[in-house]
Amino acid sequence: MRAGLFLGCTVPVRAQNYEASLRRIAPGLGIDVVDLTGAGCCGYPVQSVSRSAALVMAARNLAIARRQDLDVVVLCSACGGSLKEAAHLLDADGRLREETNRALEGEGLSYEPGSRVRHVAEVLVHEVGIERIRAAVTRPLAGIRVAVHYGCHYLRPREIHAPGEDPEAPSTLDELVRATGAESLDYAGRLGCCGGGILGIDEQTALAITRRKLDAVAGADAVVVVCPFCSVMLEGNQKRIEKAAGREYKLPVVYYPQLLGLAMGFGADDLGFSQNRIKAAELLSRAGA
Amino acid sequence: MVRSLTEDGHIVRSNIRVEKDPTIRATDLDPAFTDEVRAEPGGAQIDRCIACGRCTASCPVQAVNPSFDPRRIVRSAILGLAGEVLASDFVWLCAGCYACRERCPQGVLVTDLMVALRNIAVRRGIVHPSFRAQIAELRKYGRLYEVGPFGKKRVKIGLPPLEDDPAPLRRIFALSGIDDLVPPVEGKT
């Protein structure tokens with residue numbers, strides 16, 4: 001399948017390991033990654049200021065994908081939420097579509113109904129399929145125990161996401177982890193937020209939310225995430241939280257394509273592990289990488 | 001305990017000024033504000049609220065910072081307490097996790113309501129500094145973060161090159177009203 005890869009703002013700068021690992025594992029899974037020419041910000045950061053302006057930003061990206069005859073695949077769950085919501089709203093409302101397209105005319109772009117946006121994890125589960133992923137695993141991660149962090153915008157709001165996932169009892173990331181041979185741990189608050197949404201508003205409150213998550217998953221071999229902002233909170237801020245909390249987590253945070261890449265036999269360098277800020281040395285050695 | 005009221009409506013308990021008098025007076029209510037909220041996308045459903053509190057019970061922000069209370073915000077919006085809603089940090093503290101919206105038994109789109117209230121606040125000139133900063137970055141680079149020095153790093157690890165290109169976004173900001181709501185600051189583009 002061809003995937004129009006939407007990078008957004010955070011991934012290409014602060015989560016290059018996520019992007020690199022996806023590009024590395026994609027060919028072996030039958031995913032043809034194609035870059036979207038000229039795509040920009042998804043609009044999410046502007047929603048709080050002007051919902052209609054954010055909608056134009058999202059629609060612009062969807063129109064770019066359509067011009068290249070591509071479905072959109074996102075790595076960031078917030079980008080996914082913004083683009084999916086835009087398609088959802090614009091498909092249902094012709095007048096809104098007209099208003100939105102007026103702001104895109106200057107660039108010769110236009111949103112046409114029927115855009116398809118999927119998160120990369122949804123592509124892996126629903127299109128590549130668990131069977132094919134299992135078949136691509138050459139080095140099963142037996143004995144490795146990970147905690148999946150779904151993250152809010154991967155699950156909610158329910159009506160904009162692919163059917164088949166119950167946002168109150170999700171299973172897709174657990175299935176993806178099990179396909180690598182690793183164990184997916186159950187823990188209290190697994191649907192909980194990372195706190196990222198208010199990092200810029202109230203740092204103390206945001207980090208207190210992140211800390212609850214870290215406390216709940218402490219002891220796992222790694223946390224598996226599918227959103228760069230969740231990683232910024234759980235990994236990037238982990239040391240600061242350790243200092244404030246007076247306890248050590250030393251919890252590696254890995255993107256799912258990194259985990260799957262290990263199970264597919266790729267090395268740590270292939271998968272961008274040098275950019276993981278909490279070193280996953282033990283995980284890597286146990287994985288045989 | 002000694003309780004007394006100050007002139008600006010704050011309660012003084014044992015000589016410490018602790019909270020605003022919670023009495024809601026008819027003169028505080030602004031029906032036009034409620035109508036403004038109802039007219040926003042996601043605002044029309046507020047009248048469904050039965051004040052059950054599931055939103056508050058589901059809220060990860062409330063769990064660590066009890067001053068943030070979604071039910072209180074919904075009720076305040078219904079009552080038209082514009083000052084209460086807009087002048088506090090309330091509307092900015094929502095993490096946008098959608099847990100409340102998912103669980104509301106009445107289909108109140110609480111998360112959308114928070115966005116609606118922020119949009120209304122912005123139109124009245126109340127913009128949280130973090131959003132001003134994000135708009136400024138977007139104006140400068142076309143993305144939240146400058147690719148600049150990271151571009152080299154991308155190529156080094158085999159990722160396709162990427163460049164900053166703010167032009168398309170600047171056009172959208174001009175056409176969609178962002179430049180009026182959060183005007184560019186001279187010298188800072």
# chains A, B, ... in the order shown; residues from 1 in each chain; ligands from 1
>>> residues_around(residues="range 90-101 of chain A", least_positions_apart="6", cutoff="8 Å", atoms="only C-alpha atoms", output="PDB file with C-alpha atoms, in the first residue's frame")
ATOM      1  CA  SER A  52     -11.817  27.922  11.559  1.00  0.00           C
ATOM      2  CA  LEU A  55      -9.518  23.860   9.821  1.00  0.00           C
ATOM      3  CA  VAL A  56      -7.995  25.676   6.841  1.00  0.00           C
ATOM      4  CA  ALA A  59      -7.643  21.086   4.850  1.00  0.00           C
ATOM      5  CA  LEU A 109      -5.610  23.849  -3.647  1.00  0.00           C
ATOM      6  CA  SER A 110      -9.053  22.580  -2.804  1.00  0.00           C
ATOM      7  CA  TYR A 111     -10.388  20.066  -0.305  1.00  0.00           C
ATOM      8  CA  PRO A 113     -14.683  15.130   0.160  1.00  0.00           C
ATOM      9  CA  GLY A 114     -13.516  11.636   1.027  1.00  0.00           C
TER      10      GLY A 114
END
>>> select_by_dssp(residues="range 153-282 of chain A", states="alpha helix (DSSP H)", output="MDAnalysis selection string")
chainID A and resid 153:155 172:179 203:217 228:231 238:245 256:263 281:282
>>> select_by_dssp(residues="range 92-245 of chain A", states="strand (DSSP E or B)", output="ChimeraX atom specification")
/A:117-119,145-148,183-184,222-225
>>> write_last_selection(atoms="N, CA and C atoms", output="PDB file, in the first residue's frame")
ATOM      1  N   VAL A 117      -7.541   9.467   6.360  1.00  0.00           N
ATOM      2  CA  VAL A 117      -6.411   9.727   7.259  1.00  0.00           C
ATOM      3  C   VAL A 117      -6.310   8.571   8.244  1.00  0.00           C
ATOM      4  N   ARG A 118      -5.136   8.018   8.364  1.00  0.00           N
ATOM      5  CA  ARG A 118      -4.958   6.954   9.347  1.00  0.00           C
ATOM      6  C   ARG A 118      -3.673   7.159  10.143  1.00  0.00           C
ATOM      7  N   HIS A 119      -3.714   6.705  11.380  1.00  0.00           N
ATOM      8  CA  HIS A 119      -2.499   6.680  12.202  1.00  0.00           C
ATOM      9  C   HIS A 119      -1.696   5.451  11.760  1.00  0.00           C
ATOM     10  N   ARG A 145       8.954  -7.166  28.762  1.00  0.00           N
ATOM     11  CA  ARG A 145       7.654  -6.726  29.284  1.00  0.00           C
ATOM     12  C   ARG A 145       7.533  -5.225  29.088  1.00  0.00           C
ATOM     13  N   VAL A 146       6.581  -4.836  28.255  1.00  0.00           N
ATOM     14  CA  VAL A 146       6.425  -3.408  27.993  1.00  0.00           C
ATOM     15  C   VAL A 146       5.032  -2.919  28.389  1.00  0.00           C
ATOM     16  N   ALA A 147       4.941  -1.625  28.685  1.00  0.00           N
ATOM     17  CA  ALA A 147       3.659  -0.986  28.995  1.00  0.00           C
ATOM     18  C   ALA A 147       3.301  -0.107  27.802  1.00  0.00           C
ATOM     19  N   VAL A 148       2.154  -0.334  27.202  1.00  0.00           N
ATOM     20  CA  VAL A 148       1.753   0.539  26.101  1.00  0.00           C
ATOM     21  C   VAL A 148       1.047   1.771  26.668  1.00  0.00           C
ATOM     22  N   GLU A 183       5.674  -9.007  25.888  1.00  0.00           N
ATOM     23  CA  GLU A 183       4.466  -9.055  26.698  1.00  0.00           C
ATOM     24  C   GLU A 183       3.959  -7.629  26.893  1.00  0.00           C
ATOM     25  N   SER A 184       2.630  -7.429  26.788  1.00  0.00           N
ATOM     26  CA  SER A 184       2.040  -6.123  27.046  1.00  0.00           C
ATOM     27  C   SER A 184       1.401  -6.134  28.426  1.00  0.00           C
ATOM     28  N   ALA A 222      10.072  -1.170  29.198  1.00  0.00           N
ATOM     29  CA  ALA A 222       9.967   0.047  28.384  1.00  0.00           C
ATOM     30  C   ALA A 222       8.514   0.468  28.298  1.00  0.00           C
ATOM     31  N   VAL A 223       8.312   1.743  27.976  1.00  0.00           N
ATOM     32  CA  VAL A 223       6.975   2.217  27.627  1.00  0.00           C
ATOM     33  C   VAL A 223       6.950   2.350  26.115  1.00  0.00           C
ATOM     34  N   VAL A 224       5.880   1.883  25.493  1.00  0.00           N
ATOM     35  CA  VAL A 224       5.759   1.986  24.044  1.00  0.00           C
ATOM     36  C   VAL A 224       4.748   3.075  23.711  1.00  0.00           C
ATOM     37  N   VAL A 225       5.158   4.012  22.873  1.00  0.00           N
ATOM     38  CA  VAL A 225       4.284   5.135  22.512  1.00  0.00           C
ATOM     39  C   VAL A 225       4.127   5.235  20.997  1.00  0.00           C
TER      40      VAL A 225
END
>>> residues_around(residues="range 90-98 of chain B", least_positions_apart="5", cutoff="9 Å", atoms="only C-alpha atoms", output="ChimeraX atom specification")
/A:48,151-153,156-157,192-193,195-199,201-202,205-206 /B:59-61,67-70,73,84-85,103,109-112,114-115,117-118,121,128
>>> residues_around(residues="Leu284 in chain A", least_positions_apart="4", cutoff="12 Å", atoms="only C-alpha atoms", output="MDAnalysis selection string")
chainID A and resid 139 141 144 221:222 252 254 258:259 261:263 265:269 271 273:274 276 279:280 288:289
>>> write_last_selection(atoms="C-alpha atoms", output="PDB file, in the first residue's frame")
ATOM      1  CA  ARG A 139      13.935 -12.177  16.489  1.00  0.00           C
ATOM      2  CA  LEU A 141      11.206 -10.245  21.922  1.00  0.00           C
ATOM      3  CA  ILE A 144      10.433  -8.442  27.348  1.00  0.00           C
ATOM      4  CA  ASP A 221      11.237  -2.846  30.524  1.00  0.00           C
ATOM      5  CA  ALA A 222       9.967   0.047  28.384  1.00  0.00           C
ATOM      6  CA  PRO A 252      13.123   3.694  28.288  1.00  0.00           C
ATOM      7  CA  VAL A 254      10.344   3.613  22.591  1.00  0.00           C
ATOM      8  CA  GLN A 258      11.459   0.870  16.979  1.00  0.00           C
ATOM      9  CA  LEU A 259      10.178  -2.087  18.987  1.00  0.00           C
ATOM     10  CA  GLY A 261      12.160  -3.083  14.092  1.00  0.00           C
ATOM     11  CA  LEU A 262      14.126  -4.850  16.819  1.00  0.00           C
ATOM     12  CA  ALA A 263      11.939  -7.923  16.431  1.00  0.00           C
ATOM     13  CA  GLY A 265      16.175  -8.037  13.160  1.00  0.00           C
ATOM     14  CA  PHE A 266      17.250  -4.428  12.600  1.00  0.00           C
ATOM     15  CA  GLY A 267      20.058  -2.935  14.646  1.00  0.00           C
ATOM     16  CA  ALA A 268      19.834  -0.107  17.149  1.00  0.00           C
ATOM     17  CA  ASP A 269      21.443   2.346  14.717  1.00  0.00           C
ATOM     18  CA  LEU A 271      16.146   2.351  14.282  1.00  0.00           C
ATOM     19  CA  PHE A 273      18.019   4.386  19.191  1.00  0.00           C
ATOM     20  CA  SER A 274      20.933   6.793  19.636  1.00  0.00           C
ATOM     21  CA  ASN A 276      16.393   7.905  22.691  1.00  0.00           C
ATOM     22  CA  LYS A 279      19.130   4.726  27.117  1.00  0.00           C
ATOM     23  CA  ALA A 280      17.551   1.394  26.306  1.00  0.00           C
ATOM     24  CA  GLY A 288      19.881  -9.275  20.667  1.00  0.00           C
ATOM     25  CA  ALA A 289      20.430  -5.969  18.847  1.00  0.00           C
TER      26      ALA A 289
END
>>> interface_residues(of="chain B", to="chain A", cutoff="8 Å", atoms="only C-alpha atoms", output="ChimeraX atom specification")
/B:60-61,64-65,92-99,101-102,115-116,118-119,122,127-128,130-131,134-135,142-147,150-151,154,157-159,168-169,172-173,175-178,181
>>> write_last_selection(atoms="N, CA and C atoms", output="compact mmCIF listing (two decimals), in the first residue's frame")
# COMPACT_ATOMS: atom_id res chain seq x y z
N PRO B 60 -8.12 14.22 33.87
CA PRO B 60 -6.78 14.00 34.41
C PRO B 60 -6.17 15.27 35.01
N VAL B 61 -6.63 16.42 34.57
CA VAL B 61 -6.12 17.67 35.13
C VAL B 61 -6.69 17.85 36.54
N VAL B 64 -5.03 16.06 39.48
CA VAL B 64 -3.82 16.57 40.12
C VAL B 64 -3.93 18.05 40.51
N ASN B 65 -4.96 18.72 39.97
CA ASN B 65 -5.13 20.15 40.24
C ASN B 65 -6.62 20.46 40.38
N TRP B 92 -7.92 27.59 29.86
CA TRP B 92 -6.62 27.23 29.27
C TRP B 92 -6.06 25.95 29.86
N LEU B 93 -6.63 25.51 30.98
CA LEU B 93 -6.04 24.34 31.65
C LEU B 93 -6.52 23.00 31.10
N CYS B 94 -7.50 23.02 30.21
CA CYS B 94 -7.97 21.75 29.62
C CYS B 94 -6.85 21.15 28.80
N ALA B 95 -6.55 19.86 29.04
CA ALA B 95 -5.46 19.19 28.31
C ALA B 95 -5.93 18.66 26.96
N GLY B 96 -7.23 18.77 26.69
CA GLY B 96 -7.75 18.30 25.40
C GLY B 96 -7.69 16.79 25.25
N CYS B 97 -7.88 16.05 26.34
CA CYS B 97 -7.73 14.58 26.27
C CYS B 97 -9.01 13.89 25.82
N TYR B 98 -10.13 14.58 25.84
CA TYR B 98 -11.42 14.06 25.38
C TYR B 98 -12.05 13.01 26.30
N ALA B 99 -11.47 12.77 27.49
CA ALA B 99 -12.05 11.75 28.38
C ALA B 99 -13.46 12.16 28.80
N ARG B 101 -15.57 14.16 27.25
CA ARG B 101 -16.46 14.15 26.09
C ARG B 101 -16.89 12.72 25.77
N GLU B 102 -15.93 11.80 25.92
CA GLU B 102 -16.21 10.39 25.66
C GLU B 102 -17.24 9.85 26.65
N VAL B 115 -12.64 24.46 23.66
CA VAL B 115 -12.06 25.13 22.50
C VAL B 115 -12.90 26.35 22.15
N ALA B 116 -14.23 26.18 22.19
CA ALA B 116 -15.14 27.30 21.89
C ALA B 116 -14.90 28.46 22.85
N ARG B 118 -12.19 29.13 24.52
CA ARG B 118 -10.90 29.75 24.22
C ARG B 118 -11.02 30.68 23.01
N ASN B 119 -11.72 30.21 21.99
CA ASN B 119 -11.91 31.05 20.80
C ASN B 119 -12.63 32.34 21.16
N VAL B 122 -10.26 34.61 23.03
CA VAL B 122 -9.30 35.22 22.09
C VAL B 122 -9.94 36.41 21.37
N VAL B 127 -5.59 36.13 25.18
CA VAL B 127 -4.87 35.03 24.53
C VAL B 127 -3.78 34.55 25.49
N HIS B 128 -3.80 33.29 25.82
CA HIS B 128 -2.76 32.79 26.72
C HIS B 128 -1.39 32.94 26.04
N SER B 130 1.23 31.26 25.92
CA SER B 130 1.82 30.09 25.24
C SER B 130 1.27 29.96 23.82
N PHE B 131 0.03 30.39 23.61
CA PHE B 131 -0.51 30.33 22.25
C PHE B 131 0.02 31.47 21.39
N GLN B 134 3.28 30.17 20.26
CA GLN B 134 3.18 29.15 19.21
C GLN B 134 2.84 29.78 17.86
N ILE B 135 1.93 30.77 17.88
CA ILE B 135 1.58 31.46 16.65
C ILE B 135 2.82 32.14 16.06
N GLY B 142 6.73 28.20 9.72
CA GLY B 142 5.72 27.37 9.06
C GLY B 142 5.43 26.10 9.85
N ARG B 143 6.24 25.85 10.87
CA ARG B 143 6.03 24.73 11.79
C ARG B 143 6.27 25.22 13.20
N LEU B 144 5.90 24.39 14.19
CA LEU B 144 6.10 24.78 15.58
C LEU B 144 7.58 24.85 15.94
N TYR B 145 8.40 24.07 15.25
CA TYR B 145 9.82 24.06 15.54
C TYR B 145 10.60 24.33 14.26
N GLU B 146 11.66 25.10 14.41
CA GLU B 146 12.52 25.37 13.28
C GLU B 146 13.21 24.08 12.84
N VAL B 147 13.17 23.78 11.56
CA VAL B 147 13.91 22.62 11.06
C VAL B 147 15.40 22.94 11.08
N PHE B 150 18.34 21.06 12.56
CA PHE B 150 17.96 19.65 12.59
C PHE B 150 17.95 19.05 11.18
N GLY B 151 17.93 19.93 10.16
CA GLY B 151 17.93 19.47 8.78
C GLY B 151 19.17 18.65 8.46
N ARG B 154 18.99 15.32 10.02
CA ARG B 154 18.09 14.44 9.25
C ARG B 154 18.86 13.73 8.15
N ILE B 157 21.23 10.97 9.27
CA ILE B 157 20.69 9.64 9.61
C ILE B 157 19.81 9.09 8.49
N GLY B 158 19.95 9.68 7.31
CA GLY B 158 19.31 9.09 6.13
C GLY B 158 17.86 9.49 5.92
N LEU B 159 17.41 10.56 6.57
CA LEU B 159 16.03 11.02 6.35
C LEU B 159 16.00 12.04 5.21
N PRO B 168 3.21 29.59 2.96
CA PRO B 168 1.81 29.17 2.87
C PRO B 168 1.03 29.45 4.15
N LEU B 169 1.68 29.26 5.29
CA LEU B 169 0.98 29.47 6.54
C LEU B 169 0.71 30.96 6.78
N ILE B 172 -2.36 31.81 5.00
CA ILE B 172 -3.55 31.34 5.72
C ILE B 172 -3.83 32.22 6.93
N PHE B 173 -2.78 32.61 7.65
CA PHE B 173 -2.97 33.47 8.83
C PHE B 173 -3.60 34.81 8.44
N LEU B 175 -5.51 35.34 5.71
CA LEU B 175 -6.86 35.15 5.16
C LEU B 175 -7.86 34.67 6.20
N SER B 176 -7.39 33.96 7.21
CA SER B 176 -8.35 33.32 8.13
C SER B 176 -8.49 34.07 9.45
N GLY B 177 -7.91 35.26 9.52
CA GLY B 177 -8.18 36.09 10.70
C GLY B 177 -7.17 35.98 11.82
N ILE B 178 -6.20 35.08 11.72
CA ILE B 178 -5.21 34.94 12.79
C ILE B 178 -4.43 36.25 12.98
N LEU B 181 -6.42 38.48 15.15
CA LEU B 181 -6.57 38.01 16.53
C LEU B 181 -5.26 38.08 17.30
>>> residues_around(residues="Gly164 in chain A", least_positions_apart="5", cutoff="12 Å", atoms="only C-alpha atoms", output="PyMOL selection string")
chain A and resi 122+125-126+155+158-159+169-172
>>> write_last_selection(atoms="N, CA and C atoms", output="PDB file, in the first residue's frame")
ATOM      1  N   GLU A 122      -2.768   2.262  13.194  1.00  0.00           N
ATOM      2  CA  GLU A 122      -3.996   1.729  12.579  1.00  0.00           C
ATOM      3  C   GLU A 122      -3.666   1.016  11.270  1.00  0.00           C
ATOM      4  N   VAL A 125      -2.165  -2.411  12.158  1.00  0.00           N
ATOM      5  CA  VAL A 125      -3.140  -3.395  12.648  1.00  0.00           C
ATOM      6  C   VAL A 125      -4.130  -3.793  11.561  1.00  0.00           C
ATOM      7  N   HIS A 126      -4.726  -2.767  10.919  1.00  0.00           N
ATOM      8  CA  HIS A 126      -5.868  -3.050  10.053  1.00  0.00           C
ATOM      9  C   HIS A 126      -5.475  -3.367   8.614  1.00  0.00           C
ATOM     10  N   LEU A 155      -7.137   7.565  20.396  1.00  0.00           N
ATOM     11  CA  LEU A 155      -8.403   6.882  20.716  1.00  0.00           C
ATOM     12  C   LEU A 155      -9.640   7.759  20.592  1.00  0.00           C
ATOM     13  N   ARG A 158     -14.168   9.301  19.620  1.00  0.00           N
ATOM     14  CA  ARG A 158     -14.472   8.013  19.011  1.00  0.00           C
ATOM     15  C   ARG A 158     -14.930   8.130  17.554  1.00  0.00           C
ATOM     16  N   GLU A 159     -15.757   9.137  17.258  1.00  0.00           N
ATOM     17  CA  GLU A 159     -16.408   9.141  15.938  1.00  0.00           C
ATOM     18  C   GLU A 159     -15.470   9.446  14.775  1.00  0.00           C
ATOM     19  N   ALA A 169     -11.747   0.501  26.094  1.00  0.00           N
ATOM     20  CA  ALA A 169     -11.059  -0.785  26.291  1.00  0.00           C
ATOM     21  C   ALA A 169     -10.281  -1.131  25.025  1.00  0.00           C
ATOM     22  N   PRO A 170      -9.297  -0.309  24.686  1.00  0.00           N
ATOM     23  CA  PRO A 170      -8.585  -0.499  23.420  1.00  0.00           C
ATOM     24  C   PRO A 170      -7.656  -1.712  23.461  1.00  0.00           C
ATOM     25  N   SER A 171      -7.365  -2.243  22.278  1.00  0.00           N
ATOM     26  CA  SER A 171      -6.514  -3.435  22.241  1.00  0.00           C
ATOM     27  C   SER A 171      -5.461  -3.407  21.140  1.00  0.00           C
ATOM     28  N   THR A 172      -5.568  -2.440  20.198  1.00  0.00           N
ATOM     29  CA  THR A 172      -4.697  -2.531  19.010  1.00  0.00           C
ATOM     30  C   THR A 172      -3.207  -2.462  19.362  1.00  0.00           C
TER      31      THR A 172
END
>>> atom_distance(atom1="CA of Pro163 in chain A", atom2="CA of Ser77 in chain A")
16.2 Å
>>> closest_residue(among="B:Ser76, B:Thr56, B:Ser88, B:Gln45", to="Val108 in chain B", atoms="only C-alpha atoms")
B:Gln45
>>> residues_around(residues="Ala44 in chain B", least_positions_apart="3", cutoff="9 Å", atoms="only C-alpha atoms", output="PyMOL selection string")
chain B and resi 35+37-41+47-48+108-109+113
>>> write_last_selection(atoms="N, CA and C atoms", output="PDB file, in the first residue's frame")
ATOM      1  N   ASP B  35     -25.477  32.577  24.649  1.00  0.00           N
ATOM      2  CA  ASP B  35     -25.839  32.462  23.227  1.00  0.00           C
ATOM      3  C   ASP B  35     -24.589  32.420  22.347  1.00  0.00           C
ATOM      4  N   VAL B  37     -21.751  31.224  23.197  1.00  0.00           N
ATOM      5  CA  VAL B  37     -21.194  29.878  23.361  1.00  0.00           C
ATOM      6  C   VAL B  37     -21.987  28.879  22.522  1.00  0.00           C
ATOM      7  N   ARG B  38     -23.317  28.973  22.578  1.00  0.00           N
ATOM      8  CA  ARG B  38     -24.178  28.033  21.840  1.00  0.00           C
ATOM      9  C   ARG B  38     -23.931  28.103  20.338  1.00  0.00           C
ATOM     10  N   ALA B  39     -23.550  29.277  19.866  1.00  0.00           N
ATOM     11  CA  ALA B  39     -23.367  29.469  18.417  1.00  0.00           C
ATOM     12  C   ALA B  39     -22.038  28.902  17.916  1.00  0.00           C
ATOM     13  N   GLU B  40     -21.133  28.591  18.841  1.00  0.00           N
ATOM     14  CA  GLU B  40     -19.833  28.045  18.443  1.00  0.00           C
ATOM     15  C   GLU B  40     -19.976  26.556  18.114  1.00  0.00           C
ATOM     16  N   PRO B  41     -19.103  26.026  17.227  1.00  0.00           N
ATOM     17  CA  PRO B  41     -19.131  24.574  17.002  1.00  0.00           C
ATOM     18  C   PRO B  41     -18.892  23.854  18.332  1.00  0.00           C
ATOM     19  N   ASP B  47     -26.789  22.844  26.798  1.00  0.00           N
ATOM     20  CA  ASP B  47     -28.050  22.819  27.538  1.00  0.00           C
ATOM     21  C   ASP B  47     -28.494  21.406  27.920  1.00  0.00           C
ATOM     22  N   ARG B  48     -27.768  20.423  27.438  1.00  0.00           N
ATOM     23  CA  ARG B  48     -28.094  19.044  27.808  1.00  0.00           C
ATOM     24  C   ARG B  48     -27.547  18.663  29.182  1.00  0.00           C
ATOM     25  N   VAL B 108     -22.772  16.093  25.854  1.00  0.00           N
ATOM     26  CA  VAL B 108     -22.185  17.439  25.855  1.00  0.00           C
ATOM     27  C   VAL B 108     -20.763  17.297  25.316  1.00  0.00           C
ATOM     28  N   LEU B 109     -20.416  18.116  24.335  1.00  0.00           N
ATOM     29  CA  LEU B 109     -19.096  17.995  23.718  1.00  0.00           C
ATOM     30  C   LEU B 109     -18.114  18.862  24.513  1.00  0.00           C
ATOM     31  N   LEU B 113     -16.331  22.366  23.725  1.00  0.00           N
ATOM     32  CA  LEU B 113     -16.779  23.551  24.465  1.00  0.00           C
ATOM     33  C   LEU B 113     -15.580  24.342  24.986  1.00  0.00           C
TER      34      LEU B 113
END
>>> closest_residue(among="A:Ala179, A:Val34, A:Cys76, A:Ala281", to="Ala142 in chain A", atoms="only C-alpha atoms")
A:Ala179
>>> decode(residues="range 126-144 of chain B", atoms="N, CA and C atoms", output="PDB file, in the first residue's frame")
ATOM      1  N   ILE B 126      -8.237  38.044  25.034  1.00  0.00           N
ATOM      2  CA  ILE B 126      -7.552  37.247  26.058  1.00  0.00           C
ATOM      3  C   ILE B 126      -6.894  36.039  25.374  1.00  0.00           C
ATOM      4  N   VAL B 127      -5.594  36.126  25.181  1.00  0.00           N
ATOM      5  CA  VAL B 127      -4.870  35.028  24.532  1.00  0.00           C
ATOM      6  C   VAL B 127      -3.783  34.545  25.488  1.00  0.00           C
ATOM      7  N   HIS B 128      -3.796  33.286  25.823  1.00  0.00           N
ATOM      8  CA  HIS B 128      -2.756  32.785  26.718  1.00  0.00           C
ATOM      9  C   HIS B 128      -1.386  32.939  26.044  1.00  0.00           C
ATOM     10  N   PRO B 129      -0.375  33.408  26.808  1.00  0.00           N
ATOM     11  CA  PRO B 129       0.947  33.659  26.211  1.00  0.00           C
ATOM     12  C   PRO B 129       1.524  32.453  25.468  1.00  0.00           C
ATOM     13  N   SER B 130       1.230  31.257  25.920  1.00  0.00           N
ATOM     14  CA  SER B 130       1.819  30.095  25.243  1.00  0.00           C
ATOM     15  C   SER B 130       1.269  29.963  23.816  1.00  0.00           C
ATOM     16  N   PHE B 131       0.028  30.392  23.614  1.00  0.00           N
ATOM     17  CA  PHE B 131      -0.514  30.330  22.253  1.00  0.00           C
ATOM     18  C   PHE B 131       0.020  31.472  21.392  1.00  0.00           C
ATOM     19  N   ARG B 132       0.234  32.630  22.022  1.00  0.00           N
ATOM     20  CA  ARG B 132       0.899  33.718  21.289  1.00  0.00           C
ATOM     21  C   ARG B 132       2.262  33.246  20.791  1.00  0.00           C
ATOM     22  N   ALA B 133       2.979  32.561  21.680  1.00  0.00           N
ATOM     23  CA  ALA B 133       4.331  32.091  21.337  1.00  0.00           C
ATOM     24  C   ALA B 133       4.268  31.064  20.198  1.00  0.00           C
ATOM     25  N   GLN B 134       3.282  30.173  20.257  1.00  0.00           N
ATOM     26  CA  GLN B 134       3.175  29.155  19.206  1.00  0.00           C
ATOM     27  C   GLN B 134       2.838  29.784  17.856  1.00  0.00           C
ATOM     28  N   ILE B 135       1.935  30.766  17.884  1.00  0.00           N
ATOM     29  CA  ILE B 135       1.576  31.457  16.646  1.00  0.00           C
ATOM     30  C   ILE B 135       2.822  32.136  16.064  1.00  0.00           C
ATOM     31  N   ALA B 136       3.631  32.730  16.944  1.00  0.00           N
ATOM     32  CA  ALA B 136       4.842  33.416  16.480  1.00  0.00           C
ATOM     33  C   ALA B 136       5.807  32.433  15.816  1.00  0.00           C
ATOM     34  N   GLU B 137       5.964  31.257  16.416  1.00  0.00           N
ATOM     35  CA  GLU B 137       6.854  30.245  15.829  1.00  0.00           C
ATOM     36  C   GLU B 137       6.329  29.784  14.468  1.00  0.00           C
ATOM     37  N   LEU B 138       5.024  29.561  14.415  1.00  0.00           N
ATOM     38  CA  LEU B 138       4.421  29.098  13.164  1.00  0.00           C
ATOM     39  C   LEU B 138       4.613  30.139  12.061  1.00  0.00           C
ATOM     40  N   ARG B 139       4.477  31.401  12.438  1.00  0.00           N
ATOM     41  CA  ARG B 139       4.644  32.489  11.483  1.00  0.00           C
ATOM     42  C   ARG B 139       6.082  32.532  10.948  1.00  0.00           C
ATOM     43  N   LYS B 140       6.995  32.222  11.820  1.00  0.00           N
ATOM     44  CA  LYS B 140       8.415  32.312  11.493  1.00  0.00           C
ATOM     45  C   LYS B 140       8.875  31.141  10.635  1.00  0.00           C
ATOM     46  N   TYR B 141       8.454  29.935  10.989  1.00  0.00           N
ATOM     47  CA  TYR B 141       9.022  28.743  10.351  1.00  0.00           C
ATOM     48  C   TYR B 141       8.006  27.923   9.551  1.00  0.00           C
ATOM     49  N   GLY B 142       6.729  28.201   9.722  1.00  0.00           N
ATOM     50  CA  GLY B 142       5.721  27.369   9.061  1.00  0.00           C
ATOM     51  C   GLY B 142       5.432  26.103   9.851  1.00  0.00           C
ATOM     52  N   ARG B 143       6.236  25.852  10.868  1.00  0.00           N
ATOM     53  CA  ARG B 143       6.026  24.731  11.790  1.00  0.00           C
ATOM     54  C   ARG B 143       6.270  25.218  13.203  1.00  0.00           C
ATOM     55  N   LEU B 144       5.899  24.393  14.186  1.00  0.00           N
ATOM     56  CA  LEU B 144       6.103  24.781  15.581  1.00  0.00           C
ATOM     57  C   LEU B 144       7.577  24.853  15.943  1.00  0.00           C
TER      58      LEU B 144
END
